[in-house]
Amino acid sequence: MSEKLVATKSEKLTAVKGMNDILPPDSARWEWLEDQVRSVMGLYAYRNIRTPIVEPTALFVRGTGESTDIVEKEMYSFEDKLNGEQLSLRPESTPGVVRAAIEHNLTYDGGKRLYYMGPMFRHERPQRGRYRQFYQLGAEALGFAGPEVDAEMMLLVHHLFARLGLRNVRIEINSLGRPAERQAHRVALIAYFEQHFELLDTEAQRRLHSNPLRILDTKNPTMQALVQDAPQLLNYLGDASLQHFDSVKRLLSACAVKWTVNPRLVRGLDYYSHTVFEFLTDELGAQGALCGGGRYDGLFELLGGKPTPAVGWGMGLERVLELIQEQGQTRTAPAPDVYAVIPDADALPMTIQVLNALRAAGISVQMHASLDQNTGSMKSQFKKADASGARYALIFGNDELAQNAVTVKPLRDGGGAQVTRSLTDIAAWASTLQSHT
Ligand code: ATP
Ligand code: MG
């Protein structure tokens with residue numbers, strides 16, 4: 001082990017900058033969100049896919065695009081110490097999902113609708129809504145060419161946001177057309193920017209020939225006017241592309257889902273074609289993009305697969321949770337049904353059996369546990385019982401246990417009077433409690 005790794009042994013270690021611990025009770029909001037996601041994915045018949053967090057760097061260079069911000073400056077890449085392979089922590093999941101689809105021939109018998117949830121890694125400057133490890137939910141519909149799946153993708157996100165109680169989220173859409181149409185637009189775009197070369201910032205000057213579309217995406221305020229007047233891709237689309245785009249819009253409207261066309265929406269990734277979209281909010285400051293996606297009919301071939309149409313999106317879950325909070329939704333922290341107060345350690349063998357029987361009956365139980373060798377005074381145990389949020393304390397006193405009974409003490413208003421109950425009917429009593437599980 002290197003000197004650097006061991007020399008500071010006793011120093012307190014902290015999480016990597018931009019990477020967050022998710023702690024209780026906050027983690028309960030994450031679990032709730034994940035439950036809603038699974039439920040809505042089920043409604044749309046999307047199935048879960050789990051791909052590795054580490055992939056060959058080449059997958060992202062090819063799949064995400066060599067001249068994107070992600071590949072140029074945001075990837076955590078390293079060499080496998082043992083075999084020298086170039087690897088990266090995934091900055092997004094679409095290339096991994098497509099790799100897996102090709103590797104396992106997932107679309108051989110028709111289309112596949114998939115979703116994933118998990119951590120992504122990008123070396124960005126940490127700020128509100130922007131982290132170096134963040135969680136993305138995403139969906140990919142592989143093997144479907146028609147506009148109805150583009151619409152379904154957005155309807156799914158819309159449905160999920162409604163389920164989460166989010167308000168004031170707008171949908172922007174655009175079409176990037178087909179590669180030949182993009183090519184014609186690209187030529188016009190380069191010519192336009194070359195005419196105004198001195199107005200481009202250094203980043204844009206550098207990108208002019210590698211990724212001019214990306215210049216339209218700029219956040220630099222001094223370039224907004226220039227970008228505003230740039231040739232619009234929509235004017236280069238042929239009939240088939242326009243028809244595809246119109247169908248998507250009509251299907252959304254048929255479901256009363258509102259959208260606006262943003263002709264400058266190009267998305268940062270190289271692989272999109274036809275429909276692209278973003279779900280945005282004005283309530284999270286600069287990081288207002290909640291979800292972005294689009295059609296990527298060319299990606300399978302780019303990664304060595306058979307031509308396969310596909311469409312997908314990715315959503316930042318931190319931003320979604322932040323918006324939920326921003327809009328004033330609160331969620332009560334989870335609490336056990338009962339807290340077991342154990343005045344004397346002698347009672348433990350009997351108590352622990354009863355508690356297990358309660359759990360088997362679906363009752364959530366928090367057992368008092370001592371912080372040192374002593375069981376703790378009754379006063380301190382009741383204090384903990386109260387803090388746990390449980391509705392009842394069960395007191396496993398030696399006297400009660402000797403008579404095969406336990407004392408039930410209500411901890412909240414409306415819990416009735418304190419009573420002693422026989423152990424034979426304690427499970428039946430407890431099953432009348434509404435369980436949290
Ligand atoms: P942005 O313009 O905010 O950088 P992006 O275009 O890079 O977003 P995508 O690659 O489309 O983002 O990822 C989909 C979603 O993931 C975004 O809409 C956003 O909600 C979320 N996201 C992206 N990068 C981060 C990050 N560093 N931290 C937290 N969430 C992120
Ligand atoms: Mg980004």
# chains A, B, ... in the order shown; residues from 1 in each chain; ligands from 1
>>> residues_near_ligand(ligand="ligand 1", cutoff="7 Å", atoms="only C-alpha atoms and all ligand atoms", output="list in words")
Glu92, Arg122, Glu124, Gly129, Arg130, Tyr131, Arg132, Gln133, Phe134, Tyr135, Gln136, Arg267, Gly268, Gln287, Ala289, Leu290, Cys291, Gly292, Gly293, Gly314, Met315, Gly316, Leu317, Glu318 and Arg319 of chain A
>>> write_last_selection(atoms="N, CA and C atoms", output="PDB file, in the first residue's frame")
ATOM      1  N   GLU A  92     -23.928   7.777 -17.516  1.00  0.00           N
ATOM      2  CA  GLU A  92     -25.332   7.650 -17.905  1.00  0.00           C
ATOM      3  C   GLU A  92     -25.535   6.179 -18.246  1.00  0.00           C
ATOM      4  N   ARG A 122     -20.459  11.810 -12.604  1.00  0.00           N
ATOM      5  CA  ARG A 122     -19.917  12.819 -13.514  1.00  0.00           C
ATOM      6  C   ARG A 122     -19.093  13.799 -12.695  1.00  0.00           C
ATOM      7  N   GLU A 124     -18.427  16.943 -12.183  1.00  0.00           N
ATOM      8  CA  GLU A 124     -18.878  18.303 -12.442  1.00  0.00           C
ATOM      9  C   GLU A 124     -18.638  19.123 -11.192  1.00  0.00           C
ATOM     10  N   GLY A 129     -28.438  20.639  -6.976  1.00  0.00           N
ATOM     11  CA  GLY A 129     -28.974  19.890  -8.103  1.00  0.00           C
ATOM     12  C   GLY A 129     -27.922  19.311  -9.034  1.00  0.00           C
ATOM     13  N   ARG A 130     -26.652  19.454  -8.675  1.00  0.00           N
ATOM     14  CA  ARG A 130     -25.579  18.927  -9.525  1.00  0.00           C
ATOM     15  C   ARG A 130     -24.537  18.265  -8.641  1.00  0.00           C
ATOM     16  N   TYR A 131     -24.398  16.982  -8.771  1.00  0.00           N
ATOM     17  CA  TYR A 131     -23.516  16.224  -7.890  1.00  0.00           C
ATOM     18  C   TYR A 131     -22.599  15.338  -8.715  1.00  0.00           C
ATOM     19  N   ARG A 132     -21.602  14.773  -8.069  1.00  0.00           N
ATOM     20  CA  ARG A 132     -20.668  13.908  -8.810  1.00  0.00           C
ATOM     21  C   ARG A 132     -21.148  12.467  -8.809  1.00  0.00           C
ATOM     22  N   GLN A 133     -21.850  12.075  -7.752  1.00  0.00           N
ATOM     23  CA  GLN A 133     -22.643  10.847  -7.826  1.00  0.00           C
ATOM     24  C   GLN A 133     -24.093  11.274  -7.687  1.00  0.00           C
ATOM     25  N   PHE A 134     -24.924  10.905  -8.645  1.00  0.00           N
ATOM     26  CA  PHE A 134     -26.340  11.246  -8.560  1.00  0.00           C
ATOM     27  C   PHE A 134     -27.138  10.056  -9.076  1.00  0.00           C
ATOM     28  N   TYR A 135     -28.416  10.060  -8.717  1.00  0.00           N
ATOM     29  CA  TYR A 135     -29.247   8.910  -9.092  1.00  0.00           C
ATOM     30  C   TYR A 135     -30.121   9.242 -10.274  1.00  0.00           C
ATOM     31  N   GLN A 136     -30.109   8.356 -11.213  1.00  0.00           N
ATOM     32  CA  GLN A 136     -30.968   8.526 -12.377  1.00  0.00           C
ATOM     33  C   GLN A 136     -31.968   7.389 -12.466  1.00  0.00           C
ATOM     34  N   ARG A 267     -30.274  18.722 -26.945  1.00  0.00           N
ATOM     35  CA  ARG A 267     -29.770  17.715 -26.028  1.00  0.00           C
ATOM     36  C   ARG A 267     -28.265  17.567 -26.219  1.00  0.00           C
ATOM     37  N   GLY A 268     -27.598  17.236 -25.145  1.00  0.00           N
ATOM     38  CA  GLY A 268     -26.146  17.229 -25.186  1.00  0.00           C
ATOM     39  C   GLY A 268     -25.520  16.012 -25.856  1.00  0.00           C
ATOM     40  N   GLN A 287     -30.559  24.573 -12.090  1.00  0.00           N
ATOM     41  CA  GLN A 287     -30.650  23.147 -12.453  1.00  0.00           C
ATOM     42  C   GLN A 287     -32.114  22.722 -12.635  1.00  0.00           C
ATOM     43  N   ALA A 289     -33.582  21.229 -15.265  1.00  0.00           N
ATOM     44  CA  ALA A 289     -33.914  20.078 -16.119  1.00  0.00           C
ATOM     45  C   ALA A 289     -34.121  18.849 -15.238  1.00  0.00           C
ATOM     46  N   LEU A 290     -35.347  18.337 -15.252  1.00  0.00           N
ATOM     47  CA  LEU A 290     -35.649  17.170 -14.421  1.00  0.00           C
ATOM     48  C   LEU A 290     -35.418  15.884 -15.199  1.00  0.00           C
ATOM     49  N   CYS A 291     -35.714  15.940 -16.481  1.00  0.00           N
ATOM     50  CA  CYS A 291     -35.716  14.723 -17.269  1.00  0.00           C
ATOM     51  C   CYS A 291     -35.455  15.086 -18.721  1.00  0.00           C
ATOM     52  N   GLY A 292     -34.611  14.319 -19.377  1.00  0.00           N
ATOM     53  CA  GLY A 292     -34.342  14.586 -20.786  1.00  0.00           C
ATOM     54  C   GLY A 292     -34.207  13.282 -21.544  1.00  0.00           C
ATOM     55  N   GLY A 293     -34.626  13.322 -22.795  1.00  0.00           N
ATOM     56  CA  GLY A 293     -34.503  12.092 -23.574  1.00  0.00           C
ATOM     57  C   GLY A 293     -34.849  12.297 -25.017  1.00  0.00           C
ATOM     58  N   GLY A 314     -33.714   9.972 -19.342  1.00  0.00           N
ATOM     59  CA  GLY A 314     -33.096   9.848 -18.024  1.00  0.00           C
ATOM     60  C   GLY A 314     -33.587  10.977 -17.145  1.00  0.00           C
ATOM     61  N   MET A 315     -33.742  10.680 -15.863  1.00  0.00           N
ATOM     62  CA  MET A 315     -34.310  11.658 -14.932  1.00  0.00           C
ATOM     63  C   MET A 315     -33.433  11.746 -13.687  1.00  0.00           C
ATOM     64  N   GLY A 316     -33.162  12.963 -13.237  1.00  0.00           N
ATOM     65  CA  GLY A 316     -32.352  13.137 -12.035  1.00  0.00           C
ATOM     66  C   GLY A 316     -33.215  13.071 -10.786  1.00  0.00           C
ATOM     67  N   LEU A 317     -33.025  12.033  -9.978  1.00  0.00           N
ATOM     68  CA  LEU A 317     -33.933  11.832  -8.839  1.00  0.00           C
ATOM     69  C   LEU A 317     -33.706  12.835  -7.704  1.00  0.00           C
ATOM     70  N   GLU A 318     -32.450  13.316  -7.536  1.00  0.00           N
ATOM     71  CA  GLU A 318     -32.228  14.347  -6.504  1.00  0.00           C
ATOM     72  C   GLU A 318     -33.076  15.576  -6.818  1.00  0.00           C
ATOM     73  N   ARG A 319     -33.068  15.955  -8.097  1.00  0.00           N
ATOM     74  CA  ARG A 319     -33.822  17.154  -8.487  1.00  0.00           C
ATOM     75  C   ARG A 319     -35.316  16.936  -8.292  1.00  0.00           C
TER      76      ARG A 319
END
>>> residues_around(residues="A:Ala360", least_positions_apart="5", cutoff="10 Å", atoms="only C-alpha atoms", output="PyMOL selection string")
chain A and resi 354-355+427
>>> atom_distance(atom1="atom CA of A:Ile173", atom2="atom CA of A:Phe121")
26.3 Å
>>> residues_around(residues="A:Arg47", least_positions_apart="3", cutoff="8 Å", atoms="only C-alpha atoms", output="JSON, numbers by chain")
{"A": [41, 42, 113, 114, 115]}
>>> atom_distance(atom1="atom CA of A:Tyr116", atom2="atom CA of A:Leu265")
24.6 Å
>>> residues_around(residues="A:Phe277", least_positions_apart="2", cutoff="12 Å", atoms="only C-alpha atoms", output="PDB file with N, CA, C and O atoms, in the first residue's frame")
ATOM      1  N   ASP A 150     -42.628   7.205 -28.767  1.00  0.00           N
ATOM      2  CA  ASP A 150     -42.072   8.494 -28.322  1.00  0.00           C
ATOM      3  C   ASP A 150     -43.076   9.154 -27.387  1.00  0.00           C
ATOM      4  O   ASP A 150     -42.732   9.681 -26.327  1.00  0.00           O
ATOM      5  N   ALA A 151     -44.357   9.115 -27.806  1.00  0.00           N
ATOM      6  CA  ALA A 151     -45.415   9.729 -26.992  1.00  0.00           C
ATOM      7  C   ALA A 151     -45.573   8.973 -25.677  1.00  0.00           C
ATOM      8  O   ALA A 151     -45.661   9.584 -24.607  1.00  0.00           O
ATOM      9  N   MET A 153     -43.430   7.409 -23.982  1.00  0.00           N
ATOM     10  CA  MET A 153     -42.329   7.754 -23.081  1.00  0.00           C
ATOM     11  C   MET A 153     -42.630   9.017 -22.291  1.00  0.00           C
ATOM     12  O   MET A 153     -42.397   9.093 -21.088  1.00  0.00           O
ATOM     13  N   MET A 154     -43.145  10.014 -22.994  1.00  0.00           N
ATOM     14  CA  MET A 154     -43.436  11.286 -22.315  1.00  0.00           C
ATOM     15  C   MET A 154     -44.674  11.155 -21.438  1.00  0.00           C
ATOM     16  O   MET A 154     -44.739  11.750 -20.353  1.00  0.00           O
ATOM     17  N   LEU A 155     -45.647  10.356 -21.889  1.00  0.00           N
ATOM     18  CA  LEU A 155     -46.852  10.136 -21.075  1.00  0.00           C
ATOM     19  C   LEU A 155     -46.484   9.454 -19.762  1.00  0.00           C
ATOM     20  O   LEU A 155     -47.034   9.759 -18.701  1.00  0.00           O
ATOM     21  N   VAL A 157     -43.620   9.689 -18.108  1.00  0.00           N
ATOM     22  CA  VAL A 157     -42.993  10.675 -17.207  1.00  0.00           C
ATOM     23  C   VAL A 157     -44.063  11.608 -16.633  1.00  0.00           C
ATOM     24  O   VAL A 157     -44.081  11.902 -15.432  1.00  0.00           O
ATOM     25  N   ARG A 170     -42.980  21.824 -17.132  1.00  0.00           N
ATOM     26  CA  ARG A 170     -43.351  21.973 -18.541  1.00  0.00           C
ATOM     27  C   ARG A 170     -42.538  21.018 -19.417  1.00  0.00           C
ATOM     28  O   ARG A 170     -41.446  20.576 -19.050  1.00  0.00           O
ATOM     29  N   ILE A 171     -43.131  20.722 -20.570  1.00  0.00           N
ATOM     30  CA  ILE A 171     -42.481  19.799 -21.498  1.00  0.00           C
ATOM     31  C   ILE A 171     -42.075  20.566 -22.752  1.00  0.00           C
ATOM     32  O   ILE A 171     -42.908  21.226 -23.370  1.00  0.00           O
ATOM     33  N   GLU A 172     -40.796  20.492 -23.086  1.00  0.00           N
ATOM     34  CA  GLU A 172     -40.322  21.072 -24.348  1.00  0.00           C
ATOM     35  C   GLU A 172     -39.935  19.937 -25.278  1.00  0.00           C
ATOM     36  O   GLU A 172     -39.308  18.960 -24.847  1.00  0.00           O
ATOM     37  N   ILE A 173     -40.337  20.076 -26.528  1.00  0.00           N
ATOM     38  CA  ILE A 173     -39.987  19.029 -27.496  1.00  0.00           C
ATOM     39  C   ILE A 173     -39.372  19.649 -28.745  1.00  0.00           C
ATOM     40  O   ILE A 173     -39.525  20.842 -29.015  1.00  0.00           O
ATOM     41  N   ASN A 174     -38.673  18.818 -29.483  1.00  0.00           N
ATOM     42  CA  ASN A 174     -38.095  19.245 -30.757  1.00  0.00           C
ATOM     43  C   ASN A 174     -37.836  17.989 -31.573  1.00  0.00           C
ATOM     44  O   ASN A 174     -37.923  16.864 -31.047  1.00  0.00           O
ATOM     45  N   SER A 175     -37.554  18.175 -32.844  1.00  0.00           N
ATOM     46  CA  SER A 175     -37.157  17.027 -33.643  1.00  0.00           C
ATOM     47  C   SER A 175     -35.796  17.283 -34.266  1.00  0.00           C
ATOM     48  O   SER A 175     -35.537  18.370 -34.790  1.00  0.00           O
ATOM     49  N   LEU A 176     -34.929  16.304 -34.184  1.00  0.00           N
ATOM     50  CA  LEU A 176     -33.595  16.405 -34.789  1.00  0.00           C
ATOM     51  C   LEU A 176     -33.561  15.710 -36.141  1.00  0.00           C
ATOM     52  O   LEU A 176     -32.523  15.657 -36.795  1.00  0.00           O
ATOM     53  N   PHE A 245     -42.889  13.745 -36.222  1.00  0.00           N
ATOM     54  CA  PHE A 245     -42.961  14.768 -35.176  1.00  0.00           C
ATOM     55  C   PHE A 245     -44.409  15.187 -34.923  1.00  0.00           C
ATOM     56  O   PHE A 245     -44.846  15.310 -33.773  1.00  0.00           O
ATOM     57  N   VAL A 248     -46.319  12.593 -32.911  1.00  0.00           N
ATOM     58  CA  VAL A 248     -45.971  12.648 -31.479  1.00  0.00           C
ATOM     59  C   VAL A 248     -46.767  13.762 -30.802  1.00  0.00           C
ATOM     60  O   VAL A 248     -47.400  13.558 -29.753  1.00  0.00           O
ATOM     61  N   LYS A 249     -46.770  14.917 -31.435  1.00  0.00           N
ATOM     62  CA  LYS A 249     -47.466  16.069 -30.844  1.00  0.00           C
ATOM     63  C   LYS A 249     -48.953  15.792 -30.713  1.00  0.00           C
ATOM     64  O   LYS A 249     -49.582  16.113 -29.697  1.00  0.00           O
ATOM     65  N   TRP A 259     -47.407  20.663 -24.357  1.00  0.00           N
ATOM     66  CA  TRP A 259     -45.999  20.707 -24.767  1.00  0.00           C
ATOM     67  C   TRP A 259     -45.751  22.008 -25.488  1.00  0.00           C
ATOM     68  O   TRP A 259     -46.692  22.637 -25.982  1.00  0.00           O
ATOM     69  N   THR A 260     -44.496  22.434 -25.556  1.00  0.00           N
ATOM     70  CA  THR A 260     -44.134  23.530 -26.450  1.00  0.00           C
ATOM     71  C   THR A 260     -42.936  23.082 -27.268  1.00  0.00           C
ATOM     72  O   THR A 260     -42.099  22.305 -26.792  1.00  0.00           O
ATOM     73  N   VAL A 261     -42.883  23.551 -28.511  1.00  0.00           N
ATOM     74  CA  VAL A 261     -41.734  23.220 -29.349  1.00  0.00           C
ATOM     75  C   VAL A 261     -40.635  24.220 -29.045  1.00  0.00           C
ATOM     76  O   VAL A 261     -40.856  25.421 -29.075  1.00  0.00           O
ATOM     77  N   ASN A 262     -39.458  23.720 -28.709  1.00  0.00           N
ATOM     78  CA  ASN A 262     -38.284  24.567 -28.533  1.00  0.00           C
ATOM     79  C   ASN A 262     -37.300  24.208 -29.638  1.00  0.00           C
ATOM     80  O   ASN A 262     -36.610  23.189 -29.554  1.00  0.00           O
ATOM     81  N   PRO A 263     -37.240  25.033 -30.688  1.00  0.00           N
ATOM     82  CA  PRO A 263     -36.417  24.674 -31.858  1.00  0.00           C
ATOM     83  C   PRO A 263     -34.927  24.608 -31.536  1.00  0.00           C
ATOM     84  O   PRO A 263     -34.152  24.086 -32.328  1.00  0.00           O
ATOM     85  N   ARG A 264     -34.534  25.146 -30.380  1.00  0.00           N
ATOM     86  CA  ARG A 264     -33.117  25.102 -30.013  1.00  0.00           C
ATOM     87  C   ARG A 264     -32.776  23.974 -29.050  1.00  0.00           C
ATOM     88  O   ARG A 264     -31.647  23.827 -28.619  1.00  0.00           O
ATOM     89  N   LEU A 265     -33.786  23.164 -28.748  1.00  0.00           N
ATOM     90  CA  LEU A 265     -33.512  22.016 -27.869  1.00  0.00           C
ATOM     91  C   LEU A 265     -32.786  20.944 -28.682  1.00  0.00           C
ATOM     92  O   LEU A 265     -33.337  20.385 -29.623  1.00  0.00           O
ATOM     93  N   VAL A 266     -31.518  20.695 -28.357  1.00  0.00           N
ATOM     94  CA  VAL A 266     -30.759  19.706 -29.132  1.00  0.00           C
ATOM     95  C   VAL A 266     -30.269  18.557 -28.272  1.00  0.00           C
ATOM     96  O   VAL A 266     -29.891  17.512 -28.776  1.00  0.00           O
ATOM     97  N   ARG A 267     -30.274  18.722 -26.945  1.00  0.00           N
ATOM     98  CA  ARG A 267     -29.770  17.715 -26.028  1.00  0.00           C
ATOM     99  C   ARG A 267     -28.265  17.567 -26.219  1.00  0.00           C
ATOM    100  O   ARG A 267     -27.745  17.737 -27.292  1.00  0.00           O
ATOM    101  N   GLY A 268     -27.598  17.236 -25.145  1.00  0.00           N
ATOM    102  CA  GLY A 268     -26.146  17.229 -25.186  1.00  0.00           C
ATOM    103  C   GLY A 268     -25.520  16.012 -25.856  1.00  0.00           C
ATOM    104  O   GLY A 268     -24.356  16.027 -26.217  1.00  0.00           O
ATOM    105  N   TYR A 272     -28.870  11.260 -30.575  1.00  0.00           N
ATOM    106  CA  TYR A 272     -30.312  11.444 -30.784  1.00  0.00           C
ATOM    107  C   TYR A 272     -30.698  11.650 -32.248  1.00  0.00           C
ATOM    108  O   TYR A 272     -29.929  12.137 -33.055  1.00  0.00           O
ATOM    109  N   SER A 273     -31.932  11.272 -32.577  1.00  0.00           N
ATOM    110  CA  SER A 273     -32.528  11.557 -33.876  1.00  0.00           C
ATOM    111  C   SER A 273     -34.021  11.720 -33.644  1.00  0.00           C
ATOM    112  O   SER A 273     -34.544  11.286 -32.622  1.00  0.00           O
ATOM    113  N   HIS A 274     -34.701  12.343 -34.599  1.00  0.00           N
ATOM    114  CA  HIS A 274     -36.139  12.594 -34.436  1.00  0.00           C
ATOM    115  C   HIS A 274     -36.455  13.282 -33.109  1.00  0.00           C
ATOM    116  O   HIS A 274     -35.779  14.225 -32.733  1.00  0.00           O
ATOM    117  N   THR A 275     -37.407  12.708 -32.357  1.00  0.00           N
ATOM    118  CA  THR A 275     -37.915  13.400 -31.173  1.00  0.00           C
ATOM    119  C   THR A 275     -36.866  13.563 -30.068  1.00  0.00           C
ATOM    120  O   THR A 275     -36.205  12.593 -29.692  1.00  0.00           O
ATOM    121  N   PHE A 279     -38.217  17.751 -19.608  1.00  0.00           N
ATOM    122  CA  PHE A 279     -39.201  18.176 -18.600  1.00  0.00           C
ATOM    123  C   PHE A 279     -38.475  19.157 -17.695  1.00  0.00           C
ATOM    124  O   PHE A 279     -37.435  18.820 -17.124  1.00  0.00           O
ATOM    125  N   LEU A 280     -39.027  20.374 -17.588  1.00  0.00           N
ATOM    126  CA  LEU A 280     -38.305  21.457 -16.921  1.00  0.00           C
ATOM    127  C   LEU A 280     -39.159  22.126 -15.852  1.00  0.00           C
ATOM    128  O   LEU A 280     -40.383  22.159 -15.955  1.00  0.00           O
ATOM    129  N   ALA A 289     -33.582  21.229 -15.265  1.00  0.00           N
ATOM    130  CA  ALA A 289     -33.914  20.078 -16.119  1.00  0.00           C
ATOM    131  C   ALA A 289     -34.121  18.849 -15.238  1.00  0.00           C
ATOM    132  O   ALA A 289     -33.216  18.392 -14.558  1.00  0.00           O
ATOM    133  N   LEU A 290     -35.347  18.337 -15.252  1.00  0.00           N
ATOM    134  CA  LEU A 290     -35.649  17.170 -14.421  1.00  0.00           C
ATOM    135  C   LEU A 290     -35.418  15.884 -15.199  1.00  0.00           C
ATOM    136  O   LEU A 290     -35.029  14.857 -14.642  1.00  0.00           O
ATOM    137  N   CYS A 291     -35.714  15.940 -16.481  1.00  0.00           N
ATOM    138  CA  CYS A 291     -35.716  14.723 -17.269  1.00  0.00           C
ATOM    139  C   CYS A 291     -35.455  15.086 -18.721  1.00  0.00           C
ATOM    140  O   CYS A 291     -35.992  16.073 -19.218  1.00  0.00           O
ATOM    141  N   GLY A 292     -34.611  14.319 -19.377  1.00  0.00           N
ATOM    142  CA  GLY A 292     -34.342  14.586 -20.786  1.00  0.00           C
ATOM    143  C   GLY A 292     -34.207  13.282 -21.544  1.00  0.00           C
ATOM    144  O   GLY A 292     -33.780  12.272 -20.994  1.00  0.00           O
ATOM    145  N   GLY A 293     -34.626  13.322 -22.795  1.00  0.00           N
ATOM    146  CA  GLY A 293     -34.503  12.092 -23.574  1.00  0.00           C
ATOM    147  C   GLY A 293     -34.849  12.297 -25.017  1.00  0.00           C
ATOM    148  O   GLY A 293     -34.971  13.437 -25.485  1.00  0.00           O
ATOM    149  N   GLY A 294     -34.992  11.204 -25.714  1.00  0.00           N
ATOM    150  CA  GLY A 294     -35.333  11.286 -27.123  1.00  0.00           C
ATOM    151  C   GLY A 294     -35.094   9.968 -27.837  1.00  0.00           C
ATOM    152  O   GLY A 294     -34.757   8.951 -27.215  1.00  0.00           O
ATOM    153  N   ARG A 295     -35.270  10.039 -29.138  1.00  0.00           N
ATOM    154  CA  ARG A 295     -35.120   8.859 -29.977  1.00  0.00           C
ATOM    155  C   ARG A 295     -33.660   8.729 -30.404  1.00  0.00           C
ATOM    156  O   ARG A 295     -32.992   9.744 -30.654  1.00  0.00           O
ATOM    157  N   VAL A 311     -35.927   4.560 -28.224  1.00  0.00           N
ATOM    158  CA  VAL A 311     -36.195   5.867 -27.620  1.00  0.00           C
ATOM    159  C   VAL A 311     -36.082   5.722 -26.101  1.00  0.00           C
ATOM    160  O   VAL A 311     -36.374   4.652 -25.552  1.00  0.00           O
ATOM    161  N   GLY A 312     -35.606   6.782 -25.442  1.00  0.00           N
ATOM    162  CA  GLY A 312     -35.426   6.670 -23.988  1.00  0.00           C
ATOM    163  C   GLY A 312     -35.267   8.024 -23.334  1.00  0.00           C
ATOM    164  O   GLY A 312     -35.202   9.056 -24.002  1.00  0.00           O
ATOM    165  N   TRP A 313     -35.202   8.002 -22.005  1.00  0.00           N
ATOM    166  CA  TRP A 313     -34.980   9.237 -21.250  1.00  0.00           C
ATOM    167  C   TRP A 313     -34.289   8.917 -19.932  1.00  0.00           C
ATOM    168  O   TRP A 313     -34.297   7.767 -19.477  1.00  0.00           O
ATOM    169  N   GLY A 314     -33.714   9.972 -19.342  1.00  0.00           N
ATOM    170  CA  GLY A 314     -33.096   9.848 -18.024  1.00  0.00           C
ATOM    171  C   GLY A 314     -33.587  10.977 -17.145  1.00  0.00           C
ATOM    172  O   GLY A 314     -33.825  12.098 -17.628  1.00  0.00           O
ATOM    173  N   MET A 315     -33.742  10.680 -15.863  1.00  0.00           N
ATOM    174  CA  MET A 315     -34.310  11.658 -14.932  1.00  0.00           C
ATOM    175  C   MET A 315     -33.433  11.746 -13.687  1.00  0.00           C
ATOM    176  O   MET A 315     -33.016  10.722 -13.151  1.00  0.00           O
TER     177      MET A 315
END
>>> residues_around(residues="A:Thr202", least_positions_apart="6", cutoff="12 Å", atoms="only C-alpha atoms", output="PyMOL selection string")
chain A and resi 208+215+218+220+223
>>> residues_around(residues="A:Ser27", least_positions_apart="4", cutoff="12 Å", atoms="only C-alpha atoms", output="list of chain:residue names")
A:Asn20, A:Asp21, A:Ile22, A:Leu23, A:Glu31, A:Trp32, A:Leu33, A:Glu34, A:Glu318, A:Leu321, A:Arg331, A:Thr332, A:Ala333, A:Pro334
>>> residues_around(residues="A:Gln418", least_positions_apart="6", cutoff="12 Å", atoms="only C-alpha atoms", output="VMD selection string")
chain A and resid 392 to 395 406 to 412
>>> write_last_selection(atoms="C-alpha atoms", output="compact mmCIF listing (two decimals), in the first residue's frame")
# COMPACT_ATOMS: atom_id res chain seq x y z
CA TYR A 392 -47.79 1.44 21.62
CA ALA A 393 -45.15 0.37 24.05
CA LEU A 394 -45.26 -3.27 25.10
CA ILE A 395 -43.78 -3.70 28.56
CA VAL A 406 -47.62 -8.18 28.74
CA THR A 407 -48.63 -4.57 29.43
CA VAL A 408 -49.78 -2.50 26.47
CA LYS A 409 -49.24 1.22 26.96
CA PRO A 410 -50.60 3.62 24.34
CA LEU A 411 -48.08 6.31 23.37
CA ARG A 412 -50.31 8.46 21.19
>>> select_by_dssp(residues="stretch 41-230 of chain A", states="alpha helix (DSSP H)", output="ChimeraX atom specification")
/A:41-43,57-63,69,94-103,147-163,179-195,202-207,224-228
>>> closest_residue(among="A:Ile363, A:Ile49, A:Val257, A:Leu237", to="A:Ala100", atoms="only C-alpha atoms")
A:Ile49
>>> closest_residue(among="A:Ala405, A:Leu199, A:Ala286, A:Leu213", to="A:Thr68", atoms="only C-alpha atoms")
A:Leu213
>>> closest_residue(among="A:Ser377, A:Gln127, A:Thr308, A:Ser431", to="A:Val98", atoms="only C-alpha atoms")
A:Thr308
>>> closest_residue(among="A:Glu181, A:Asp69, A:Lys17, A:Ala369", to="ligand 2", atoms="only C-alpha atoms and all ligand atoms")
A:Asp69
>>> atom_distance(atom1="atom CA of A:Arg128", atom2="atom CA of A:Val40")
27.5 Å
